[in-house]
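Heads up, work-v5.txt below (compact mmCIF, C-alpha atoms and all ligand atoms):
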```txt
# COMPACT_ATOMS: atom_id res chain seq x y z
CA MET A 1469 -21.10 -1.08 -12.21
CA SER A 1470 -19.93 2.30 -13.37
CA HIS A 1471 -17.02 2.58 -15.74
CA ILE A 1472 -13.87 3.96 -14.22
CA TYR A 1473 -12.08 6.54 -16.30
CA ILE A 1474 -8.46 5.87 -15.68
CA GLU A 1475 -6.56 6.12 -18.90
CA CYS A 1476 -2.86 5.64 -18.82
CA ASP A 1477 -0.32 6.84 -21.29
CA GLU A 1478 3.45 6.95 -21.21
CA THR A 1479 3.66 10.05 -19.08
CA ARG A 1480 1.06 9.12 -16.51
CA CYS A 1481 0.47 5.58 -15.35
CA MET A 1482 3.74 4.20 -16.68
CA SER A 1483 6.90 5.19 -14.93
CA PRO A 1484 9.35 7.01 -17.21
CA ALA A 1485 11.24 4.59 -19.46
CA ASP A 1486 9.76 1.66 -17.55
CA ALA A 1487 12.00 2.35 -14.58
CA PRO A 1488 11.09 0.46 -11.42
CA ALA A 1489 8.07 2.11 -9.86
CA ILE A 1490 9.90 2.21 -6.54
CA GLU A 1491 13.56 1.55 -5.86
CA THR A 1492 15.20 2.06 -2.48
CA GLU A 1493 18.79 1.57 -1.40
CA ALA A 1494 19.70 1.36 2.28
CA LEU A 1495 16.85 3.74 3.10
CA THR A 1496 17.03 4.67 6.77
CA LYS A 1497 15.09 6.91 9.11
CA ARG A 1498 16.01 7.56 12.72
CA TYR A 1499 14.07 9.55 15.26
CA GLY A 1500 16.56 10.14 18.05
CA GLU A 1501 17.33 6.72 19.52
CA THR A 1502 14.59 5.01 17.49
CA THR A 1503 15.46 3.54 14.11
CA ALA A 1504 12.08 3.48 12.37
CA VAL A 1505 13.43 2.21 9.02
CA ALA A 1506 16.77 0.42 8.97
CA GLY A 1507 18.56 0.17 5.63
CA LEU A 1508 15.60 -0.78 3.46
CA THR A 1509 16.57 -1.97 -0.03
CA MET A 1510 13.70 -2.96 -2.28
CA THR A 1511 12.36 -2.75 -5.83
CA VAL A 1512 8.74 -2.61 -6.93
CA ASP A 1513 7.96 -3.27 -10.59
CA PRO A 1514 5.61 -0.96 -12.48
CA GLY A 1515 1.99 -2.06 -12.66
CA THR A 1516 2.16 -4.37 -9.67
CA VAL A 1517 0.23 -4.41 -6.43
CA TYR A 1518 2.85 -4.54 -3.69
CA GLY A 1519 1.49 -5.64 -0.32
CA PHE A 1520 3.52 -3.93 2.38
CA LEU A 1521 2.99 -5.74 5.67
CA GLY A 1522 4.44 -5.46 9.12
CA PRO A 1523 3.48 -5.43 12.80
CA ASN A 1524 2.56 -2.18 14.56
CA GLY A 1525 5.57 0.09 14.72
CA ALA A 1526 7.47 -1.83 12.00
CA GLY A 1527 8.14 1.34 10.01
CA LYS A 1528 5.52 1.12 7.23
CA THR A 1529 4.11 4.63 7.61
CA THR A 1530 7.59 6.09 7.95
CA THR A 1531 8.62 4.32 4.73
CA MET A 1532 5.56 5.64 2.90
CA ARG A 1533 6.16 9.14 4.21
CA MET A 1534 9.72 9.04 2.88
CA LEU A 1535 8.63 7.65 -0.50
CA THR A 1536 5.96 10.34 -0.82
CA THR A 1537 8.57 13.02 0.06
CA LEU A 1538 6.81 14.04 3.28
CA THR A 1539 9.70 12.95 5.52
CA LYS A 1540 13.40 13.15 4.70
CA PRO A 1541 15.47 9.99 5.12
CA THR A 1542 18.36 10.07 7.59
CA SER A 1543 20.42 8.19 4.99
CA GLY A 1544 20.04 6.04 1.91
CA THR A 1545 18.32 6.80 -1.38
CA ALA A 1546 15.06 6.08 -3.15
CA ARG A 1547 13.52 6.71 -6.53
CA VAL A 1548 9.80 6.74 -7.18
CA ALA A 1549 8.52 6.66 -10.78
CA GLY A 1550 12.12 7.20 -11.83
CA HIS A 1551 12.69 10.33 -9.74
CA SER A 1552 14.79 10.77 -6.63
CA ILE A 1553 12.69 11.43 -3.54
CA THR A 1554 14.98 14.38 -2.83
CA ASP A 1555 13.33 16.08 -5.84
CA ARG A 1556 9.86 16.68 -4.43
CA GLU A 1557 8.59 18.62 -7.46
CA ALA A 1558 9.58 15.82 -9.81
CA VAL A 1559 8.08 13.03 -7.71
CA THR A 1560 4.73 14.47 -6.60
CA PRO A 1561 2.97 14.66 -10.02
CA HIS A 1562 3.52 10.89 -10.37
CA ILE A 1563 2.21 9.79 -6.98
CA GLY A 1564 -0.98 9.66 -4.99
CA TYR A 1565 -1.14 9.03 -1.26
CA LEU A 1566 -3.92 7.92 1.03
CA PRO A 1567 -2.52 8.33 4.55
CA GLU A 1568 -4.22 6.96 7.65
CA GLU A 1569 -6.14 10.24 8.05
CA PRO A 1570 -7.14 11.51 4.58
CA PRO A 1571 -6.25 15.19 4.11
CA ILE A 1572 -9.71 16.66 3.51
CA TYR A 1573 -11.48 19.84 4.57
CA ASP A 1574 -14.59 19.55 6.73
CA GLU A 1575 -16.04 22.79 5.38
CA LEU A 1576 -16.05 21.61 1.75
CA THR A 1577 -18.56 19.26 0.19
CA GLY A 1578 -17.22 15.94 -1.10
CA ARG A 1579 -17.46 17.17 -4.67
CA GLU A 1580 -15.74 20.49 -3.85
CA GLN A 1581 -12.92 18.61 -2.10
CA LEU A 1582 -12.37 16.46 -5.19
CA GLU A 1583 -12.53 19.46 -7.52
CA TYR A 1584 -9.98 21.17 -5.29
CA ALA A 1585 -7.71 18.10 -5.43
CA ALA A 1586 -8.09 17.97 -9.23
CA GLY A 1587 -7.15 21.67 -9.41
CA LEU A 1588 -4.00 21.09 -7.36
CA ARG A 1589 -3.05 18.42 -9.90
CA ASP A 1590 -3.80 20.68 -12.88
CA LEU A 1591 -6.36 18.29 -14.31
CA PRO A 1592 -8.34 19.84 -17.18
CA ASP A 1593 -11.89 20.66 -15.97
CA ALA A 1594 -13.64 18.29 -18.36
CA ASP A 1595 -11.44 15.33 -17.37
CA ALA A 1596 -11.78 16.18 -13.71
CA THR A 1597 -15.58 16.35 -13.87
CA GLU A 1598 -15.84 13.07 -15.73
CA ARG A 1599 -13.49 11.22 -13.39
CA ILE A 1600 -15.03 12.68 -10.24
CA GLU A 1601 -18.53 11.68 -11.32
CA SER A 1602 -17.39 8.22 -12.30
CA LEU A 1603 -15.56 7.58 -9.04
CA LEU A 1604 -18.31 9.09 -6.88
CA GLU A 1605 -20.76 6.76 -8.57
CA ARG A 1606 -18.47 3.78 -8.21
CA PHE A 1607 -18.12 4.41 -4.48
CA ASP A 1608 -21.84 5.09 -4.03
CA LEU A 1609 -21.21 8.67 -2.93
CA LEU A 1610 -23.20 10.58 -5.55
CA GLU A 1611 -26.14 11.23 -3.23
CA ASP A 1612 -23.88 12.73 -0.56
CA ALA A 1613 -21.48 14.52 -2.89
CA ASP A 1614 -22.99 17.95 -2.24
CA ARG A 1615 -23.09 17.64 1.57
CA ARG A 1616 -20.32 19.13 3.66
CA ILE A 1617 -17.63 16.65 4.70
CA GLU A 1618 -18.10 17.56 8.39
CA GLY A 1619 -21.27 15.46 8.28
CA TYR A 1620 -19.57 12.46 6.64
CA SER A 1621 -19.04 9.12 8.34
CA LYS A 1622 -15.51 7.66 8.63
CA GLY A 1623 -16.13 5.40 5.64
CA MET A 1624 -17.39 8.29 3.50
CA ARG A 1625 -14.28 10.31 4.37
CA GLN A 1626 -12.16 7.32 3.48
CA LYS A 1627 -13.84 7.06 0.08
CA VAL A 1628 -13.13 10.73 -0.66
CA GLY A 1629 -9.52 10.18 0.44
CA VAL A 1630 -9.04 7.28 -1.92
CA ILE A 1631 -10.70 9.01 -4.85
CA GLN A 1632 -8.45 12.05 -4.48
CA ALA A 1633 -5.38 9.80 -4.24
CA VAL A 1634 -6.00 8.28 -7.69
CA LEU A 1635 -7.93 11.03 -9.49
CA HIS A 1636 -4.90 12.30 -11.40
CA GLU A 1637 -3.92 8.78 -12.54
CA PRO A 1638 -0.57 8.69 -10.76
CA ALA A 1639 2.09 6.16 -11.73
CA VAL A 1640 2.27 5.02 -8.13
CA ALA A 1641 -0.50 5.13 -5.52
CA PHE A 1642 0.43 4.65 -1.85
CA LEU A 1643 -2.59 3.39 0.03
CA ASP A 1644 -2.44 3.06 3.81
CA GLU A 1645 -5.29 0.83 5.06
CA PRO A 1646 -7.61 1.71 2.15
CA THR A 1647 -10.46 -0.48 3.41
CA SER A 1648 -10.40 1.08 6.90
CA GLY A 1649 -13.90 2.07 8.02
CA LEU A 1650 -15.56 0.67 4.91
CA ASP A 1651 -18.63 -1.57 5.08
CA PRO A 1652 -18.34 -4.95 3.30
CA ARG A 1653 -19.83 -3.67 0.04
CA ALA A 1654 -17.60 -0.59 -0.04
CA ALA A 1655 -14.57 -2.71 0.90
CA ARG A 1656 -15.30 -4.94 -2.07
CA THR A 1657 -15.60 -1.88 -4.34
CA MET A 1658 -12.24 -0.74 -3.02
CA ARG A 1659 -10.63 -4.09 -3.81
CA GLU A 1660 -12.15 -4.11 -7.29
CA THR A 1661 -10.96 -0.55 -7.88
CA ILE A 1662 -7.41 -1.42 -6.81
CA ALA A 1663 -7.44 -4.42 -9.16
CA ASP A 1664 -8.74 -2.24 -12.04
CA LEU A 1665 -6.09 0.41 -11.45
CA ALA A 1666 -3.37 -2.24 -11.42
CA ASP A 1667 -4.75 -3.68 -14.68
CA ARG A 1668 -4.24 -0.23 -16.13
CA GLU A 1669 -0.56 -0.28 -15.12
CA MET A 1670 -0.86 1.85 -12.02
CA THR A 1671 1.50 0.60 -9.30
CA ILE A 1672 -0.26 0.19 -5.98
CA PHE A 1673 1.79 0.22 -2.80
CA LEU A 1674 -0.71 -1.25 -0.39
CA SER A 1675 -0.15 -1.23 3.34
CA THR A 1676 -2.73 -3.01 5.44
CA HIS A 1677 -3.13 -5.33 8.40
CA ILE A 1678 -6.02 -7.08 6.65
CA LEU A 1679 -4.15 -10.04 5.23
CA PRO A 1680 -6.95 -11.48 3.04
CA VAL A 1681 -6.96 -8.19 1.09
CA VAL A 1682 -3.26 -8.57 0.41
CA ASP A 1683 -3.67 -12.26 -0.36
CA GLU A 1684 -6.33 -11.43 -2.94
CA LEU A 1685 -4.65 -8.47 -4.60
CA ALA A 1686 -0.90 -8.48 -4.20
CA ASP A 1687 1.50 -9.62 -6.92
CA GLU A 1688 4.37 -9.23 -4.51
CA ILE A 1689 4.52 -8.94 -0.74
CA GLY A 1690 7.16 -7.43 1.50
CA VAL A 1691 7.14 -7.91 5.27
CA LEU A 1692 8.77 -5.23 7.36
CA HIS A 1693 9.82 -5.88 10.95
CA ASP A 1694 11.77 -3.49 13.15
CA GLY A 1695 12.45 -1.36 10.08
CA LYS A 1696 13.94 -4.23 8.07
CA LEU A 1697 12.50 -6.26 5.23
CA VAL A 1698 12.34 -9.79 6.67
CA ALA A 1699 10.49 -11.54 3.82
CA GLN A 1700 9.65 -10.75 0.24
CA GLY A 1701 8.09 -12.70 -2.60
CA ASP A 1702 4.91 -13.46 -4.44
CA PRO A 1703 2.07 -14.67 -2.22
CA GLU A 1704 2.41 -18.32 -3.22
CA THR A 1705 6.14 -18.41 -2.50
CA LEU A 1706 5.64 -16.67 0.81
CA LYS A 1707 2.95 -19.13 1.76
CA SER A 1708 5.06 -22.19 1.08
CA ARG A 1709 7.53 -23.17 3.82
CA ALA A 1710 11.09 -22.84 2.55
CA GLU A 1711 12.25 -26.11 4.15
CA THR A 1712 9.40 -28.44 3.23
CA GLY A 1713 7.38 -26.59 0.57
CA GLU A 1714 4.34 -27.22 2.77
CA ALA A 1715 1.51 -24.71 2.32
CA ARG A 1716 0.60 -22.26 5.08
CA SER A 1717 -1.81 -19.34 5.25
CA LEU A 1718 -0.57 -15.80 4.75
CA GLU A 1719 -1.38 -15.17 8.40
CA GLU A 1720 0.81 -18.11 9.47
CA ALA A 1721 3.59 -16.93 7.17
CA PHE A 1722 3.33 -13.39 8.58
CA LEU A 1723 3.42 -14.62 12.18
CA GLU A 1724 6.35 -16.92 11.50
CA VAL A 1725 8.56 -14.42 9.67
CA THR A 1726 7.90 -11.68 12.19
CA GLN A 1727 8.45 -14.11 15.09
CA GLU A 1728 11.71 -15.44 13.63
CA ALA A 1729 12.89 -11.89 13.18
CA SER A 1730 12.24 -10.94 16.81
CA PRO A 1731 15.23 -11.06 19.15
CA PRO A 1732 15.36 -14.29 21.20
CA GLU A 1733 13.90 -13.90 24.72
CA ASP A 1734 17.35 -14.50 26.31
CA ASP A 1735 18.68 -11.40 24.61
CA THR A 1736 16.20 -9.08 26.22
CA VAL A 1737 17.76 -6.92 28.88
CA GLU A 1738 15.98 -7.01 32.23
CA PRO A 1739 15.15 -3.52 33.47
CA SER A 1740 17.64 -2.43 36.10
CA MET A 1741 16.27 -1.65 39.58
CA GLU A 1742 19.17 0.60 40.48
N1 LIG B 1 7.56 11.47 14.25
C1 LIG B 1 8.08 10.49 14.98
N2 LIG B 1 8.86 10.74 16.05
C2 LIG B 1 9.41 9.76 16.79
N3 LIG B 1 9.24 8.45 16.51
C3 LIG B 1 8.49 8.12 15.48
C4 LIG B 1 7.87 9.10 14.65
N4 LIG B 1 7.18 8.47 13.66
C5 LIG B 1 7.35 7.16 13.87
N5 LIG B 1 8.14 6.94 14.96
C6 LIG B 1 8.55 5.63 15.48
O1 LIG B 1 9.06 4.89 14.39
C7 LIG B 1 8.65 3.51 14.49
C8 LIG B 1 7.90 3.12 13.25
O2 LIG B 1 6.65 3.80 13.23
P1 LIG B 1 5.64 3.70 11.99
O3 LIG B 1 4.50 4.63 12.29
O4 LIG B 1 6.39 3.93 10.74
O5 LIG B 1 5.16 2.18 12.07
P2 LIG B 1 3.99 1.42 11.30
O6 LIG B 1 4.57 0.17 10.75
O7 LIG B 1 3.33 2.35 10.33
O8 LIG B 1 2.99 1.06 12.49
P3 LIG B 1 1.40 0.83 12.53
O9 LIG B 1 1.12 -0.47 11.84
O10 LIG B 1 1.11 0.77 13.99
O11 LIG B 1 0.74 2.02 11.86
C9 LIG B 1 7.86 3.41 15.78
O12 LIG B 1 8.75 3.00 16.81
C10 LIG B 1 7.40 4.83 16.03
O13 LIG B 1 7.23 5.07 17.41
```
Can the structure in the file be given as structure tokens, please?
Amino acid sequence: MSHIYIECDETRCMSPADAPAIETEALTKRYGETTAVAGLTMTVDPGTVYGFLGPNGAGKTTTMRMLTTLTKPTSGTARVAGHSITDREAVTPHIGYLPEEPPIYDELTGREQLEYAAGLRDLPDADATERIESLLERFDLLEDADRRIEGYSKGMRQKVGVIQAVLHEPAVAFLDEPTSGLDPRAARTMRETIADLADREMTIFLSTHILPVVDELADEIGVLHDGKLVAQGDPETLKSRAETGEARSLEEAFLEVTQEASPPEDDTVEPSME
């Protein structure tokens, strides 16, 4: 396996003065009548893998878009790597983001895309070249690195997206479904890479519906439902029933906490025929 060149010092991987990697207080986002995120208060410690779970439409993407300064909250506050998310210029050097659709240019080759991303982050050329080569090799992309991205498969695009999200060694990496489209070998490489980055004190905010990935990697898990955090804890705590201490799978825990949080059937309003 290739060596991964992620070196962290006080200004890069570590959040300033060991502040929480992510801290939110009553963070809220409304779109008209829809409350996508409803008063989210949470803390993520530096160097942890935080598994961010929730059913479709729970508000995960909206939360990540606020934390990465792409969407403004309606109310509430948040700090990422010690900086308020209202200060975009202060936050962005410390974060990396892999959204559902990686922002990459079809007309560039994979290598050119990564060099472009390194340039945006002001990485010195020598560091950029070394890291790009190392990560391309790790993700088995070296052979295709000089082909244009328009000819890439979904999994290859995903690999480029992930590499560019962590290339500059951010303090906090937000990864939305990082194993999406990856074959089993590449998915394993992705999990190993996430574990390596966390070992090097990078905080990984990991949103995925693939619960075994979270079970394997997360130090802490938060479950969002209807914009609210309905469960939080380390995987073992979450998997043990509060009342009896009996063990359950992460899938069972997820289904139970999101079921309990749903409004009872009686409360649903029948559509009016008037
Ligand atoms: N730009 C937008 N305009 C209007 N409503 C939006 C917008 N973005 C998100 N929403 C709504 O906010 C809620 C939360 O959406 P969000 O995409 O954050 O959920 P999610 O947890 O990421 O879902 P999924 O797991 O399906 O990706 C949904 O009801 C969605 O319809």
What's the 12 Å shell around A:Asp1593, counting all atoms listed in the file, without same-chain residues fewer than 5 positions away, as a list in words?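 Final neighbour list, sorted by chain and number: Leu1582, Glu1583, Tyr1584, Ala1585, Ala1586, Gly1587, Leu1588, Glu1598, Arg1599, Ile1600 and His1636 of chain A.
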9 Å shell around ligand LIG 1 (chain B) using all atoms listed in the file, listed as a PyMOL selection string: chain A and resi 1497-1505+1521-1533+1568+1644+1675-1677+1692-1695
Grab the atom CA of A:Glu1493 to atom CA of A:Phe1673 distance for me, in Å with one decimal place. 17.1 Å
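When only C-alpha atoms are used to measure the gap to A:Pro1592, the shortest distance among A:Leu1635, A:Leu1576, A:Leu1643, A:Val1630 belongs to A:Leu1635.
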Report, in Å with one decimal, the straight-line distance from atom CA of A:Ile1672 to atom CA of A:Gln1581.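 Separation of atom CA of A:Ile1672 and atom CA of A:Gln1581: 22.7 Å.
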Need the axis-aligned box for stretch 1500-1518 of chain A with 3 Å each side, so what are the centre and edges in Å to one decimal, as JSON?
```
{"center_x": 9.4, "center_y": 2.8, "center_z": 3.4, "size_x": 24.3, "size_y": 20.7, "size_z": 38.2}
```
Nearest-residue call for A:Ile1689, choices A:Thr1554, A:Gln1727, A:Thr1705, A:Thr1657, using only C-alpha atoms: A:Thr1705
For A:Ile1662, the nearest of the candidates A:Val1517, A:Met1624, A:Ala1549, A:Leu1603, counting all atoms listed in the file: A:Val1517
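You will find atom CA of A:Ala1663 at 25.6 Å from atom CA of A:Asp1590.
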Which residue gives the smallest distance to A:Gly1544 among A:Thr1726, A:Ala1594, A:Ala1494, A:Leu1697, with only C-alpha atoms counted?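 For A:Gly1544, the nearest of the candidates is A:Ala1494.
Shortest separation to A:Ala1686 among A:Thr1536, A:Thr1511, A:Thr1516, A:Ser1602 occurs at residue A:Thr1516, atoms counted being only C-alpha atoms.
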Quick one: residues within 12 Å of A:Arg1653, all atoms listed in the file counted, chain neighbours fewer than 3 positions away excluded, as a list in words? Arg1606, Phe1607, Asp1608, Gly1623, Thr1647, Gly1649, Leu1650, Arg1656, Thr1657, Met1658, Arg1659 and Glu1660 of chain A
Which of these residues is nearest to A:Pro1703, using all atoms listed in the file: A:Glu1669, A:Tyr1518, A:Ile1563, A:Asp1513?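 Closest residue, counting all atoms listed in the file: A:Tyr1518.
Summary of the local environment: counting all atoms listed in the file, residues at most 9 Å from A:Ala1613, other than itself and those fewer than 4 positions away along its chain, are A:Thr1577, A:Gly1578, A:Arg1579, A:Glu1580, A:Leu1604, A:Leu1609, A:Ile1617.
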Contacts of A:Ala1489 at 9 Å or less, counting all atoms listed in the file, minus same-chain residues fewer than 6 places along, as a PDB file with C-alpha atoms, in the coordinates of the input?
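Okay, selection-v2.pdb is ready:
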```pdb
ATOM      1  CA  MET A1482       3.740   4.200 -16.680  1.00  0.00           C
ATOM      2  CA  SER A1483       6.900   5.190 -14.930  1.00  0.00           C
ATOM      3  CA  THR A1511      12.360  -2.750  -5.830  1.00  0.00           C
ATOM      4  CA  VAL A1512       8.740  -2.610  -6.930  1.00  0.00           C
ATOM      5  CA  ASP A1513       7.960  -3.270 -10.590  1.00  0.00           C
ATOM      6  CA  PRO A1514       5.610  -0.960 -12.480  1.00  0.00           C
ATOM      7  CA  GLY A1515       1.990  -2.060 -12.660  1.00  0.00           C
ATOM      8  CA  THR A1516       2.160  -4.370  -9.670  1.00  0.00           C
ATOM      9  CA  ARG A1547      13.520   6.710  -6.530  1.00  0.00           C
ATOM     10  CA  VAL A1548       9.800   6.740  -7.180  1.00  0.00           C
ATOM     11  CA  ALA A1549       8.520   6.660 -10.780  1.00  0.00           C
ATOM     12  CA  GLY A1550      12.120   7.200 -11.830  1.00  0.00           C
ATOM     13  CA  ALA A1639       2.090   6.160 -11.730  1.00  0.00           C
ATOM     14  CA  VAL A1640       2.270   5.020  -8.130  1.00  0.00           C
ATOM     15  CA  THR A1671       1.500   0.600  -9.300  1.00  0.00           C
TER      16      THR A1671
END
```
Non-local contacts of A:Gly1564 (8 Å; only C-alpha atoms; under 4 positions in same chain excluded) as an mmCIF file with C-alpha atoms, in the coordinates of the input:
```cif
data_model
loop_
_atom_site.group_PDB
_atom_site.id
_atom_site.type_symbol
_atom_site.label_atom_id
_atom_site.label_comp_id
_atom_site.auth_asym_id
_atom_site.auth_seq_id
_atom_site.Cartn_x
_atom_site.Cartn_y
_atom_site.Cartn_z
ATOM 1 C CA THR A 1560 4.730 14.470 -6.600
ATOM 2 C CA GLN A 1632 -8.450 12.050 -4.480
ATOM 3 C CA ALA A 1633 -5.380 9.800 -4.240
ATOM 4 C CA VAL A 1634 -6.000 8.280 -7.690
ATOM 5 C CA HIS A 1636 -4.900 12.300 -11.400
ATOM 6 C CA PRO A 1638 -0.570 8.690 -10.760
ATOM 7 C CA VAL A 1640 2.270 5.020 -8.130
ATOM 8 C CA ALA A 1641 -0.500 5.130 -5.520
ATOM 9 C CA PHE A 1642 0.430 4.650 -1.850
#
```
